[in-house]
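Data from upload.cif: mmCIF, C-alpha atoms and all ligand atoms
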```cif
data_work
loop_
_atom_site.label_atom_id
_atom_site.label_comp_id
_atom_site.auth_asym_id
_atom_site.auth_seq_id
_atom_site.Cartn_x
_atom_site.Cartn_y
_atom_site.Cartn_z
CA MET A 1 140.13 116.84 113.94
CA GLN A 2 139.86 116.40 117.68
CA PHE A 3 137.91 113.60 119.30
CA THR A 4 136.67 113.88 122.87
CA GLU A 5 136.23 111.17 125.50
CA GLU A 6 132.60 110.97 124.46
CA HIS A 7 133.65 110.18 120.89
CA ASP A 8 136.06 107.51 122.11
CA LEU A 9 133.35 105.93 124.22
CA PHE A 10 131.02 105.91 121.23
CA ARG A 11 133.73 104.24 119.15
CA LYS A 12 134.06 101.52 121.75
CA THR A 13 130.29 101.02 121.88
CA VAL A 14 130.02 100.56 118.10
CA ARG A 15 133.09 98.32 117.98
CA ASP A 16 131.71 96.09 120.73
CA LEU A 17 128.35 95.89 119.03
CA VAL A 18 129.92 94.88 115.69
CA GLU A 19 131.98 92.21 117.44
CA ARG A 20 129.02 90.90 119.41
CA GLU A 21 126.05 91.22 117.05
CA ILE A 22 127.56 90.93 113.56
CA ASN A 23 130.85 89.08 113.46
CA PRO A 24 129.76 85.78 115.07
CA TYR A 25 126.97 85.44 112.46
CA ALA A 26 128.87 86.70 109.42
CA ASP A 27 129.57 83.26 107.90
CA GLU A 28 125.97 82.14 108.31
CA TRP A 29 124.56 85.30 106.70
CA GLU A 30 127.07 85.11 103.86
CA SER A 31 125.96 81.59 103.04
CA THR A 32 122.22 82.34 103.26
CA GLY A 33 122.63 85.54 101.22
CA MET A 34 120.74 87.60 103.77
CA PHE A 35 121.00 88.95 107.29
CA PRO A 36 118.02 89.64 109.58
CA ALA A 37 117.90 93.41 109.13
CA HIS A 38 115.08 94.13 111.59
CA GLU A 39 116.79 92.15 114.33
CA VAL A 40 120.26 93.65 113.77
CA PHE A 41 119.05 97.21 113.20
CA GLY A 42 116.91 96.85 116.32
CA LYS A 43 120.04 96.15 118.37
CA PHE A 44 121.82 99.20 116.94
CA GLY A 45 118.68 101.32 117.32
CA ALA A 46 118.25 100.32 120.96
CA LEU A 47 121.65 101.87 121.72
CA GLY A 48 120.85 105.05 119.77
CA ILE A 49 123.48 104.30 117.16
CA LEU A 50 121.30 104.77 114.06
CA GLY A 51 121.01 108.38 112.96
CA VAL A 52 123.46 109.86 115.44
CA GLU A 53 123.21 113.32 113.90
CA TYR A 54 119.47 113.42 113.37
CA ASP A 55 117.01 115.54 115.31
CA PRO A 56 116.25 114.03 118.76
CA ALA A 57 112.58 114.93 118.18
CA PHE A 58 112.51 112.02 115.72
CA GLY A 59 114.77 109.68 117.65
CA GLY A 60 118.12 110.94 116.40
CA GLY A 61 121.17 111.54 118.54
CA GLY A 62 121.54 115.27 117.84
CA ALA A 63 125.29 114.69 117.80
CA ASP A 64 128.00 116.23 115.64
CA HIS A 65 129.31 114.75 112.39
CA ARG A 66 132.37 113.25 114.08
CA PHE A 67 130.04 110.58 115.45
CA THR A 68 129.07 109.67 111.88
CA VAL A 69 132.76 109.40 110.97
CA ILE A 70 133.30 107.04 113.90
CA PHE A 71 130.15 105.06 113.13
CA GLY A 72 131.42 104.51 109.57
CA GLU A 73 134.97 103.59 110.60
CA GLU A 74 133.71 101.07 113.13
CA ILE A 75 131.00 99.34 111.09
CA GLY A 76 133.69 99.10 108.41
CA ARG A 77 135.46 96.63 110.68
CA ALA A 78 132.58 94.15 110.37
CA ALA A 79 133.54 90.68 109.19
CA THR A 80 131.03 90.97 106.36
CA GLN A 81 130.85 94.23 104.43
CA GLY A 82 127.29 93.46 103.35
CA VAL A 83 125.98 94.34 106.80
CA ALA A 84 128.07 97.51 107.00
CA MET A 85 126.61 98.54 103.65
CA ALA A 86 123.05 97.74 104.75
CA LEU A 87 123.47 99.73 107.98
CA SER A 88 124.84 102.71 106.11
CA VAL A 89 121.91 102.59 103.67
CA GLN A 90 119.62 102.90 106.68
CA THR A 91 121.51 105.78 108.29
CA ASP A 92 123.12 107.77 105.48
CA MET A 93 121.64 106.82 102.12
CA ALA A 94 117.87 106.31 102.47
CA THR A 95 117.12 108.73 105.31
CA PRO A 96 119.05 112.03 104.82
CA SER A 97 116.45 113.55 102.46
CA LEU A 98 113.59 112.52 104.72
CA HIS A 99 115.33 114.13 107.68
CA ARG A 100 116.21 117.28 105.78
CA TYR A 101 113.14 117.87 103.64
CA GLY A 102 110.37 115.60 104.97
CA THR A 103 107.29 116.79 106.83
CA ASP A 104 107.09 116.17 110.57
CA GLU A 105 104.25 113.73 109.91
CA LEU A 106 106.44 111.64 107.57
CA LYS A 107 109.35 111.81 109.99
CA HIS A 108 107.24 110.59 112.91
CA ARG A 109 105.78 107.75 110.86
CA TYR A 110 108.88 106.59 109.01
CA LEU A 111 112.12 108.18 110.20
CA ALA A 112 111.63 107.58 113.93
CA PRO A 113 110.90 103.83 113.53
CA ALA A 114 113.85 103.52 111.14
CA LEU A 115 116.16 105.07 113.74
CA ARG A 116 114.82 102.67 116.35
CA GLY A 117 115.58 99.88 113.91
CA GLU A 118 111.96 98.79 113.76
CA MET A 119 111.57 99.72 110.10
CA VAL A 120 114.09 98.94 107.36
CA ALA A 121 114.65 101.54 104.65
CA SER A 122 116.03 101.41 101.11
CA ILE A 123 117.10 104.02 98.63
CA ALA A 124 115.55 103.31 95.23
CA VAL A 125 117.16 105.28 92.41
CA THR A 126 118.81 102.85 89.97
CA GLU A 127 116.75 101.23 87.22
CA PRO A 128 117.40 98.56 84.60
CA ASP A 129 118.14 101.29 82.01
CA ALA A 130 119.60 104.04 84.20
CA GLY A 131 122.32 103.88 86.83
CA SER A 132 125.17 106.32 86.40
CA ASP A 133 122.90 108.60 84.41
CA VAL A 134 120.28 109.35 87.06
CA ALA A 135 118.59 111.82 84.72
CA GLY A 136 117.64 108.79 82.60
CA ILE A 137 115.27 107.15 85.10
CA ALA A 138 111.87 106.19 83.72
CA THR A 139 109.75 105.20 86.75
CA THR A 140 106.71 107.47 86.74
CA ALA A 141 104.46 108.83 89.47
CA ARG A 142 101.35 110.21 87.78
CA ARG A 143 99.12 112.40 89.90
CA ASP A 144 95.52 111.29 90.39
CA GLY A 145 93.84 113.63 92.85
CA ASP A 146 95.63 113.30 96.18
CA GLU A 147 97.58 110.24 95.10
CA TRP A 148 100.64 109.32 93.07
CA VAL A 149 100.14 106.31 90.80
CA ILE A 150 103.54 104.70 90.41
CA ASN A 151 104.72 102.46 87.57
CA GLY A 152 108.21 101.22 86.79
CA ALA A 153 111.10 99.18 88.12
CA LYS A 154 114.13 99.68 90.36
CA LEU A 155 117.24 97.54 90.24
CA TYR A 156 120.09 96.59 92.64
CA ILE A 157 118.22 97.92 95.67
CA THR A 158 120.06 97.19 98.93
CA ASN A 159 117.80 95.91 101.76
CA GLY A 160 115.24 95.58 98.95
CA THR A 161 113.62 92.31 100.04
CA GLN A 162 113.31 93.42 103.68
CA ALA A 163 112.51 97.11 103.37
CA ASP A 164 109.40 98.58 104.99
CA TRP A 165 109.74 101.76 102.97
CA LEU A 166 111.74 103.21 100.12
CA CYS A 167 113.04 106.66 99.41
CA LEU A 168 111.90 106.43 95.79
CA LEU A 169 113.00 108.70 92.97
CA ALA A 170 110.34 108.95 90.26
CA ARG A 171 109.25 111.20 87.41
CA THR A 172 106.31 113.35 88.48
CA SER A 173 106.09 115.35 85.25
CA ASP A 174 106.97 114.92 81.57
CA GLU A 175 109.67 117.59 81.51
CA GLY A 176 112.44 115.05 80.92
CA GLY A 177 116.12 115.02 81.91
CA TYR A 178 116.81 116.02 85.50
CA ARG A 179 113.63 118.11 85.64
CA GLY A 180 110.31 116.93 86.98
CA MET A 181 111.46 114.26 89.42
CA SER A 182 110.35 113.89 93.03
CA GLN A 183 111.40 111.84 96.03
CA ILE A 184 108.52 109.82 97.42
CA LEU A 185 108.25 107.91 100.67
CA PHE A 186 106.97 104.59 99.40
CA PRO A 187 105.68 102.00 101.93
CA THR A 188 106.37 98.52 100.56
CA SER A 189 103.01 97.30 101.91
CA THR A 190 101.39 99.29 99.07
CA PRO A 191 99.33 97.12 96.66
CA GLY A 192 101.00 97.00 93.23
CA PHE A 193 104.50 96.76 94.73
CA SER A 194 106.47 93.54 94.54
CA VAL A 195 110.00 92.22 94.86
CA ALA A 196 110.57 90.94 91.31
CA ARG A 197 113.69 89.00 92.29
CA LYS A 198 116.44 88.76 94.84
CA LEU A 199 119.78 89.13 93.08
CA ASP A 200 122.79 86.85 93.40
CA LYS A 201 125.99 88.86 93.79
CA LEU A 202 129.77 88.52 93.58
CA GLY A 203 130.27 90.02 97.03
CA ASN A 204 128.49 91.68 99.95
CA ARG A 205 126.56 88.46 100.00
CA SER A 206 125.12 88.93 103.50
CA SER A 207 123.15 91.91 102.18
CA ASP A 208 120.00 91.35 100.16
CA THR A 209 119.81 93.19 96.85
CA ALA A 210 116.60 93.25 94.84
CA GLU A 211 114.81 94.22 91.70
CA LEU A 212 111.56 95.96 92.59
CA SER A 213 108.39 96.34 90.53
CA PHE A 214 105.65 98.98 90.70
CA VAL A 215 102.34 98.47 88.88
CA ASP A 216 99.71 101.17 89.47
CA ALA A 217 100.92 101.47 93.08
CA ARG A 218 99.14 104.33 94.83
CA VAL A 219 100.62 106.45 97.61
CA PRO A 220 99.38 109.79 98.97
CA VAL A 221 100.89 112.93 97.43
CA ALA A 222 101.52 113.86 101.08
CA ASN A 223 104.26 111.20 100.98
CA THR A 224 106.37 113.44 98.75
CA ILE A 225 109.69 114.19 100.44
CA GLY A 226 110.46 117.88 100.04
CA GLU A 227 109.44 119.79 96.97
CA ILE A 228 107.60 118.27 94.02
CA GLY A 229 109.90 118.53 90.99
CA ARG A 230 113.12 118.88 93.03
CA GLY A 231 113.77 115.17 93.46
CA PHE A 232 116.88 115.07 91.30
CA GLN A 233 118.53 117.93 93.16
CA GLN A 234 117.55 116.50 96.56
CA GLN A 235 118.93 113.10 95.53
CA MET A 236 122.22 114.66 94.37
CA SER A 237 122.53 116.17 97.82
CA GLN A 238 121.62 112.83 99.46
CA PHE A 239 124.38 111.18 97.42
CA GLN A 240 126.95 113.31 99.28
CA ALA A 241 126.02 111.67 102.58
CA GLU A 242 126.15 108.27 100.86
CA ARG A 243 129.65 108.89 99.50
CA LEU A 244 130.99 110.30 102.74
CA ILE A 245 129.86 107.32 104.80
CA ALA A 246 131.36 104.96 102.22
CA ASN A 247 134.67 106.79 102.60
CA TYR A 248 134.54 106.52 106.41
CA ILE A 249 133.70 102.81 106.21
CA THR A 250 136.70 102.30 103.91
CA ILE A 251 139.07 103.43 106.65
CA GLY A 252 137.71 100.82 109.04
CA HIS A 253 138.13 97.82 106.79
CA THR A 254 141.34 98.77 104.99
CA GLN A 255 143.09 99.42 108.31
CA LEU A 256 141.83 96.13 109.70
CA ALA A 257 142.87 94.23 106.56
CA LEU A 258 146.41 95.58 106.84
CA GLU A 259 146.60 94.76 110.55
CA ARG A 260 145.42 91.21 109.92
CA THR A 261 147.82 90.75 107.03
CA ALA A 262 150.79 92.00 109.04
CA ASP A 263 149.84 89.64 111.90
CA TYR A 264 149.73 86.71 109.50
CA LEU A 265 153.05 87.58 107.90
CA ARG A 266 154.70 87.96 111.30
CA GLU A 267 153.94 84.26 111.90
CA ARG A 268 154.23 82.79 108.41
CA GLN A 269 157.71 81.41 107.78
CA ALA A 270 159.40 81.18 104.37
CA PHE A 271 163.08 81.02 103.49
CA GLY A 272 163.90 80.48 107.16
CA LYS A 273 162.27 83.64 108.54
CA PRO A 274 158.90 85.36 108.87
CA LEU A 275 157.61 86.72 105.58
CA LEU A 276 157.18 90.10 107.23
CA SER A 277 160.97 90.38 107.48
CA GLN A 278 161.09 90.76 103.68
CA GLN A 279 161.66 94.42 103.02
CA TYR A 280 159.55 94.29 99.88
CA ILE A 281 156.54 93.23 101.95
CA GLN A 282 157.23 95.82 104.65
CA PHE A 283 157.41 98.58 102.05
CA LYS A 284 154.25 97.50 100.25
CA LEU A 285 152.29 97.45 103.52
CA ALA A 286 153.83 100.73 104.68
CA GLU A 287 152.90 102.34 101.38
CA LEU A 288 149.28 101.23 101.71
CA GLU A 289 149.18 102.33 105.32
CA ALA A 290 150.35 105.76 104.20
CA GLU A 291 147.58 105.92 101.60
CA ILE A 292 144.98 104.90 104.17
CA ASP A 293 146.29 107.61 106.48
CA LEU A 294 145.96 110.19 103.72
CA LEU A 295 142.36 109.16 103.09
CA ARG A 296 141.59 109.15 106.82
CA HIS A 297 142.79 112.71 107.20
CA TYR A 298 141.09 113.75 103.98
CA ASN A 299 137.88 112.31 105.44
CA TYR A 300 138.45 114.33 108.59
CA ALA A 301 138.88 117.48 106.49
CA ALA A 302 135.62 116.59 104.71
CA ALA A 303 133.93 116.16 108.09
CA GLU A 304 135.09 119.62 109.16
CA VAL A 305 133.51 121.05 106.01
CA VAL A 306 130.25 119.27 106.83
CA MET A 307 130.37 120.55 110.42
CA ALA A 308 130.91 124.09 109.13
CA GLY A 309 127.68 123.69 107.15
CA GLU A 310 129.48 124.07 103.82
CA ASP A 311 129.09 122.10 100.61
CA ALA A 312 131.24 118.96 100.83
CA THR A 313 130.54 117.68 97.30
CA ARG A 314 134.13 117.97 96.11
CA PHE A 315 135.45 116.29 99.27
CA ALA A 316 132.89 113.49 99.05
CA THR A 317 133.75 112.95 95.38
CA ILE A 318 137.55 112.97 95.68
CA GLY A 319 137.27 110.76 98.76
CA LYS A 320 135.01 108.26 97.00
CA LEU A 321 137.27 108.03 93.94
CA THR A 322 140.31 107.57 96.17
CA ALA A 323 138.60 105.05 98.43
CA GLY A 324 137.33 102.96 95.50
CA ARG A 325 140.80 102.70 94.02
CA LEU A 326 142.53 102.18 97.36
CA VAL A 327 140.38 99.24 98.49
CA ARG A 328 141.13 97.43 95.26
CA LYS A 329 144.86 97.76 95.95
CA VAL A 330 144.51 96.80 99.61
CA ALA A 331 142.32 93.75 98.91
CA ASP A 332 144.59 92.57 96.11
CA THR A 333 147.81 93.03 98.11
CA CYS A 334 146.45 91.38 101.26
CA LEU A 335 145.27 88.39 99.25
CA GLN A 336 148.58 88.17 97.39
CA PHE A 337 150.68 88.14 100.57
CA HIS A 338 148.58 85.34 102.03
CA GLY A 339 149.48 83.06 99.12
CA GLY A 340 147.21 80.04 98.58
CA ILE A 341 145.25 80.42 101.81
CA GLY A 342 144.38 83.94 100.68
CA TYR A 343 142.50 82.44 97.73
CA MET A 344 140.51 80.03 99.89
CA GLU A 345 136.88 80.75 100.65
CA GLU A 346 137.49 79.71 104.26
CA HIS A 347 139.83 82.69 104.73
CA TRP A 348 138.71 86.32 105.23
CA THR A 349 140.79 87.58 102.30
CA ALA A 350 138.59 85.92 99.67
CA ARG A 351 135.41 87.55 100.99
CA TYR A 352 137.21 90.86 101.41
CA PHE A 353 138.44 90.74 97.82
CA ARG A 354 134.87 90.19 96.58
CA ASP A 355 133.16 92.66 98.91
CA THR A 356 135.42 95.61 98.23
CA ARG A 357 135.13 95.47 94.43
CA LEU A 358 131.75 97.19 94.70
CA LEU A 359 133.05 100.53 95.90
CA SER A 360 134.29 101.63 92.47
CA ILE A 361 130.82 100.92 91.01
CA GLY A 362 128.07 101.51 93.60
CA GLY A 363 127.00 104.98 94.73
CA GLY A 364 128.55 106.49 91.62
CA ALA A 365 131.26 104.71 89.65
CA ASP A 366 134.85 105.99 89.60
CA GLU A 367 134.20 107.48 86.16
CA VAL A 368 131.16 109.35 87.48
CA MET A 369 133.32 110.78 90.28
CA LEU A 370 135.77 111.93 87.59
CA GLN A 371 132.92 113.49 85.64
CA VAL A 372 131.81 115.46 88.73
CA LEU A 373 135.39 116.53 89.40
CA ALA A 374 136.05 117.54 85.81
CA ARG A 375 132.96 119.75 85.98
CA SER A 376 133.85 121.24 89.35
CA SER A 377 137.41 121.92 88.15
CA GLY A 378 136.10 123.84 85.13
CA LEU A 379 137.52 121.29 82.70
CA VAL A 380 134.28 120.70 80.83
CA PRO A 381 134.03 123.19 77.94
C1 LIG B 1 125.59 95.51 95.27
C2 LIG B 1 124.96 96.76 94.77
C3 LIG B 1 124.15 97.51 95.60
C4 LIG B 1 123.50 98.65 95.12
N1 LIG B 1 122.62 99.32 95.93
C5 LIG B 1 121.85 100.30 95.39
C6 LIG B 1 120.78 100.89 96.15
O1 LIG B 1 120.55 100.53 97.31
N2 LIG B 1 120.01 101.83 95.55
C7 LIG B 1 120.22 102.26 94.27
O2 LIG B 1 119.49 103.11 93.79
N3 LIG B 1 121.24 101.72 93.53
C8 LIG B 1 122.04 100.76 94.06
N4 LIG B 1 123.05 100.20 93.32
C9 LIG B 1 123.27 100.66 91.95
C10 LIG B 1 124.58 101.39 91.72
O3 LIG B 1 124.57 102.66 92.31
C11 LIG B 1 124.78 101.41 90.19
O4 LIG B 1 125.09 100.08 89.79
C12 LIG B 1 125.88 102.37 89.78
O5 LIG B 1 125.46 103.69 89.96
C13 LIG B 1 126.24 102.17 88.29
O6 LIG B 1 125.11 102.17 87.49
P1 LIG B 1 124.90 101.01 86.41
O7 LIG B 1 125.06 99.72 87.10
O8 LIG B 1 123.61 101.24 85.71
O9 LIG B 1 126.10 101.16 85.40
P2 LIG B 1 126.11 102.03 84.08
O10 LIG B 1 125.53 103.36 84.31
O11 LIG B 1 125.57 101.21 82.97
O12 LIG B 1 127.68 102.22 83.86
C14 LIG B 1 128.52 101.11 83.56
C15 LIG B 1 129.97 101.54 83.70
O13 LIG B 1 130.25 102.54 82.72
C16 LIG B 1 131.24 103.43 83.21
N5 LIG B 1 130.71 104.79 83.14
C17 LIG B 1 129.54 105.25 83.61
N6 LIG B 1 129.42 106.56 83.36
C18 LIG B 1 130.53 106.95 82.69
C19 LIG B 1 131.02 108.18 82.13
N7 LIG B 1 130.29 109.29 82.25
N8 LIG B 1 132.22 108.19 81.53
C20 LIG B 1 132.95 107.05 81.43
N9 LIG B 1 132.57 105.87 81.94
C21 LIG B 1 131.39 105.80 82.55
C22 LIG B 1 131.53 103.00 84.65
O14 LIG B 1 132.70 102.21 84.69
C23 LIG B 1 130.32 102.18 85.04
O15 LIG B 1 130.63 101.21 86.04
C24 LIG B 1 123.74 99.09 93.79
C25 LIG B 1 124.59 98.35 92.97
C26 LIG B 1 125.19 97.21 93.43
C27 LIG B 1 126.08 96.43 92.48
#
```
Could you spell out this file's structure in structure tokens?
Amino acid sequence: MQFTEEHDLFRKTVRDLVEREINPYADEWESTGMFPAHEVFGKFGALGILGVEYDPAFGGGGADHRFTVIFGEEIGRAATQGVAMALSVQTDMATPSLHRYGTDELKHRYLAPALRGEMVASIAVTEPDAGSDVAGIATTARRDGDEWVINGAKLYITNGTQADWLCLLARTSDEGGYRGMSQILFPTSTPGFSVARKLDKLGNRSSDTAELSFVDARVPVANTIGEIGRGFQQQMSQFQAERLIANYITIGHTQLALERTADYLRERQAFGKPLLSQQYIQFKLAELEAEIDLLRHYNYAAAEVVMAGEDATRFATIGKLTAGRLVRKVADTCLQFHGGIGYMEEHWTARYFRDTRLLSIGGGADEVMLQVLARSSGLVP
């Protein structure tokens, strides 16, 4: 994949913004368990960095997918992965369906302010009794005239305590299984909606994660995103954007973690010489660097598929499985080579170890990626 000067400039803009508007506050947000999403998104939105590929008519950048790759790689370098995750929810997890299937009216009212960073968005799929098995969701939207009456609960929702609207997946008929679901633009100011609790997490602590409750919450049927009854299929498609951005983000932080670890080991003396002069350490880091490089170029191949307008499901899936496994190795190795300081909360390695564990679970667990691959490889009888 070729990058132009314009891409390079964009990379520098995002990198500077991360260094200026996220990194200095990372420790504070980690300890409070929250970052000010409206304020931070507003700064990204003001520079046109949210929704780089979206239609300029709704405030998007109208750019090619390479800008999304760069956006992901650069927010991945943030000192707290919680904010990178929250940003990517806004740009690539909660908004793709709205952009692709939503009415112009919905896009003007909700997508445009989200891209300016004035509104915070969440994707609300997972429930207390259904995560990997999306076809098992139970939240209902019963039609009453021109309104949906929504009842149920959503769990582990990123940006959930700060969101202005949700891309909500709910059952709009009794057909069961993957049939009869719809995606609904749900404003969180709607009576009957509440944040049941803010969740305490192992990692990504700067990002707020919530359980949400819906009791007879009414929204117009006109808030349906796309086709009534096609919510499951639309969400499966939206998941591809979610997995791709996660794979791009992975490149940013794994590369940075290796660079920082090599810098430390260049200085750290043991047995009369820098630890980096141990061939074992050199080989371990070189091996990981090679794996990161493979994923980077696999991501670029995936991006080419997206730019050609083809289905990138297999690429997104293989990339996500690979990324989830790779970050666990990178985080573990970087911590190991730091010794005792690596285990200290004051050092970046501890946070990194905690933050990266999520990737093999969120957005489709490793086993779900394998299930998708087994199906696409014709291995399921
Ligand atoms: C920090 C965080 C943020 C999140 N943000 C959001 C969000 O913004 N919006 C949202 O909708 N959801 C969100 N999620 C939910 C996330 O996508 C789910 O946790 C994930 O899909 C797994 O679902 P589950 O937790 O119900 O696990 P389960 O479905 O109960 O699965 C448990 C485990 O079983 C294994 N497993 C699952 N399926 C199979 C299989 N077919 N074969 C073999 N093994 C299998 C896997 O190891 C899996 O981890 C978030 C989760 C976390 C932790």
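Between CA of Val215 (chain A) and CA of Thr188 (chain A) the interatomic distance comes to 12.4 Å.
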* To do: Check every protein, DNA and RNA residue against ligand LIG 1 (chain B), keep those with an atom at most 9 Å away (counting all atoms listed in the file), and present them as a ChimeraX atom specification.
  => /A:82,85-86,89,93-94,122-134,154-160,168-169,199,201-205,207-210,355,358-371
* Asked: Counting all atoms listed in the file, what is within 9 Å of Arg100 (chain A), bar same-chain residues fewer than 5 positions away, as a list in words?
  -> Thr95, Ile225 and Gly226 of chain A
* Asked: Which residue gives the smallest distance to His99 (chain A) among A:Tyr54, A:Pro191, A:Thr322, A:Ser206, with all atoms listed in the file counted?
  ->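 Counting all atoms listed in the file, the residue closest to His99 (chain A) is A:Tyr54.
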* Within 12 Å of Ile251 (chain A) using all atoms listed in the file, minus same-chain residues under 6 positions, as a PyMOL selection string -> chain A and resi 69-78+244-245+257-258+288-300+319-320+322-324+326-327+330
* To do: Please identify all polymer residues within 12 Å of Trp348 (chain A), counting only C-alpha atoms, omitting same-chain residues fewer than 5 positions from it, and present them as a list of chain:residue names.
  => A:Asn23, A:Ala26, A:Asp27, A:Glu30, A:Ala78, A:Ala79, A:Thr80, A:Gln81, A:His253, A:Leu256, A:Ala257, A:Arg260, A:Thr261, A:Tyr264, A:Ala331, A:Cys334, A:Leu335, A:His338, A:Ile341, A:Gly342, A:Tyr343, A:Phe353, A:Arg354, A:Asp355
* Tell me, in Å to one decimal, how far CA of Gln235 (chain A) is from CA of Ser97 (chain A). => 7.4 Å
Taking (125.2, 113.8, 115.8) in the file's coordinates as the center, which residues reach within 12 Å of it, counting only C-alpha atoms, put as a PDB file with C-alpha atoms, keeping the file's coordinate frame?
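result-v1.pdb written:
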```pdb
ATOM      1  CA  GLU A   6     132.600 110.970 124.460  1.00  0.00           C
ATOM      2  CA  HIS A   7     133.650 110.180 120.890  1.00  0.00           C
ATOM      3  CA  PHE A  10     131.020 105.910 121.230  1.00  0.00           C
ATOM      4  CA  GLY A  48     120.850 105.050 119.770  1.00  0.00           C
ATOM      5  CA  ILE A  49     123.480 104.300 117.160  1.00  0.00           C
ATOM      6  CA  LEU A  50     121.300 104.770 114.060  1.00  0.00           C
ATOM      7  CA  GLY A  51     121.010 108.380 112.960  1.00  0.00           C
ATOM      8  CA  VAL A  52     123.460 109.860 115.440  1.00  0.00           C
ATOM      9  CA  GLU A  53     123.210 113.320 113.900  1.00  0.00           C
ATOM     10  CA  TYR A  54     119.470 113.420 113.370  1.00  0.00           C
ATOM     11  CA  ASP A  55     117.010 115.540 115.310  1.00  0.00           C
ATOM     12  CA  PRO A  56     116.250 114.030 118.760  1.00  0.00           C
ATOM     13  CA  GLY A  59     114.770 109.680 117.650  1.00  0.00           C
ATOM     14  CA  GLY A  60     118.120 110.940 116.400  1.00  0.00           C
ATOM     15  CA  GLY A  61     121.170 111.540 118.540  1.00  0.00           C
ATOM     16  CA  GLY A  62     121.540 115.270 117.840  1.00  0.00           C
ATOM     17  CA  ALA A  63     125.290 114.690 117.800  1.00  0.00           C
ATOM     18  CA  ASP A  64     128.000 116.230 115.640  1.00  0.00           C
ATOM     19  CA  HIS A  65     129.310 114.750 112.390  1.00  0.00           C
ATOM     20  CA  ARG A  66     132.370 113.250 114.080  1.00  0.00           C
ATOM     21  CA  PHE A  67     130.040 110.580 115.450  1.00  0.00           C
ATOM     22  CA  THR A  68     129.070 109.670 111.880  1.00  0.00           C
ATOM     23  CA  VAL A  69     132.760 109.400 110.970  1.00  0.00           C
ATOM     24  CA  ILE A  70     133.300 107.040 113.900  1.00  0.00           C
ATOM     25  CA  PHE A  71     130.150 105.060 113.130  1.00  0.00           C
ATOM     26  CA  THR A  91     121.510 105.780 108.290  1.00  0.00           C
ATOM     27  CA  ALA A 303     133.930 116.160 108.090  1.00  0.00           C
ATOM     28  CA  VAL A 306     130.250 119.270 106.830  1.00  0.00           C
ATOM     29  CA  MET A 307     130.370 120.550 110.420  1.00  0.00           C
TER      30      MET A 307
END
```
Return as AutoDock Vina command-line options the box centre and box size in Å, one decimal, for an axis-aligned box around all listed atoms of region 75-82 of chain A padded by 8 Å per side.
```
--center_x 131.4 --center_y 95.0 --center_z 107.2 --size_x 24.2 --size_y 24.7 --size_z 23.7
```
* Would you kindly return, as a list in words, each protein, DNA or RNA residue with an atom no farther than 9 Å from any atom of Phe214 (chain A), considering all atoms listed in the file and excluding same-chain residues fewer than 3 positions away? => Thr139, Ile150, Asn151, Gly152, Ala153, Lys154, Pro191, Gly192, Phe193, Ser194 and Ala217 of chain A
Restricted to C-alpha atoms, what would the selected residues look like written as a PDB file, keeping the file's coordinate frame?
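The resulting file, part.pdb, is shown below:
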```
ATOM      1  CA  THR A 139     109.750 105.200  86.750  1.00  0.00           C
ATOM      2  CA  ILE A 150     103.540 104.700  90.410  1.00  0.00           C
ATOM      3  CA  ASN A 151     104.720 102.460  87.570  1.00  0.00           C
ATOM      4  CA  GLY A 152     108.210 101.220  86.790  1.00  0.00           C
ATOM      5  CA  ALA A 153     111.100  99.180  88.120  1.00  0.00           C
ATOM      6  CA  LYS A 154     114.130  99.680  90.360  1.00  0.00           C
ATOM      7  CA  PRO A 191      99.330  97.120  96.660  1.00  0.00           C
ATOM      8  CA  GLY A 192     101.000  97.000  93.230  1.00  0.00           C
ATOM      9  CA  PHE A 193     104.500  96.760  94.730  1.00  0.00           C
ATOM     10  CA  SER A 194     106.470  93.540  94.540  1.00  0.00           C
ATOM     11  CA  ALA A 217     100.920 101.470  93.080  1.00  0.00           C
TER      12      ALA A 217
END
```
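Using only C-alpha atoms, the smallest distance between any of A:Ala121, A:Leu185, A:Ala270, A:Asp16 and Gly339 (chain A) comes from A:Ala270.
In this structure, CA of Asp146 (chain A) sits 16.1 Å away from CA of Gly229 (chain A).
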* Asked: Do you know which residues are at most 7 Å from Gly117 (chain A) counting only C-alpha atoms, after dropping those on the same chain fewer than 5 positions away, and could you put them as a list of chain:residue names?
  -> A:His38, A:Phe41, A:Gly42, A:Phe44, A:Gly45
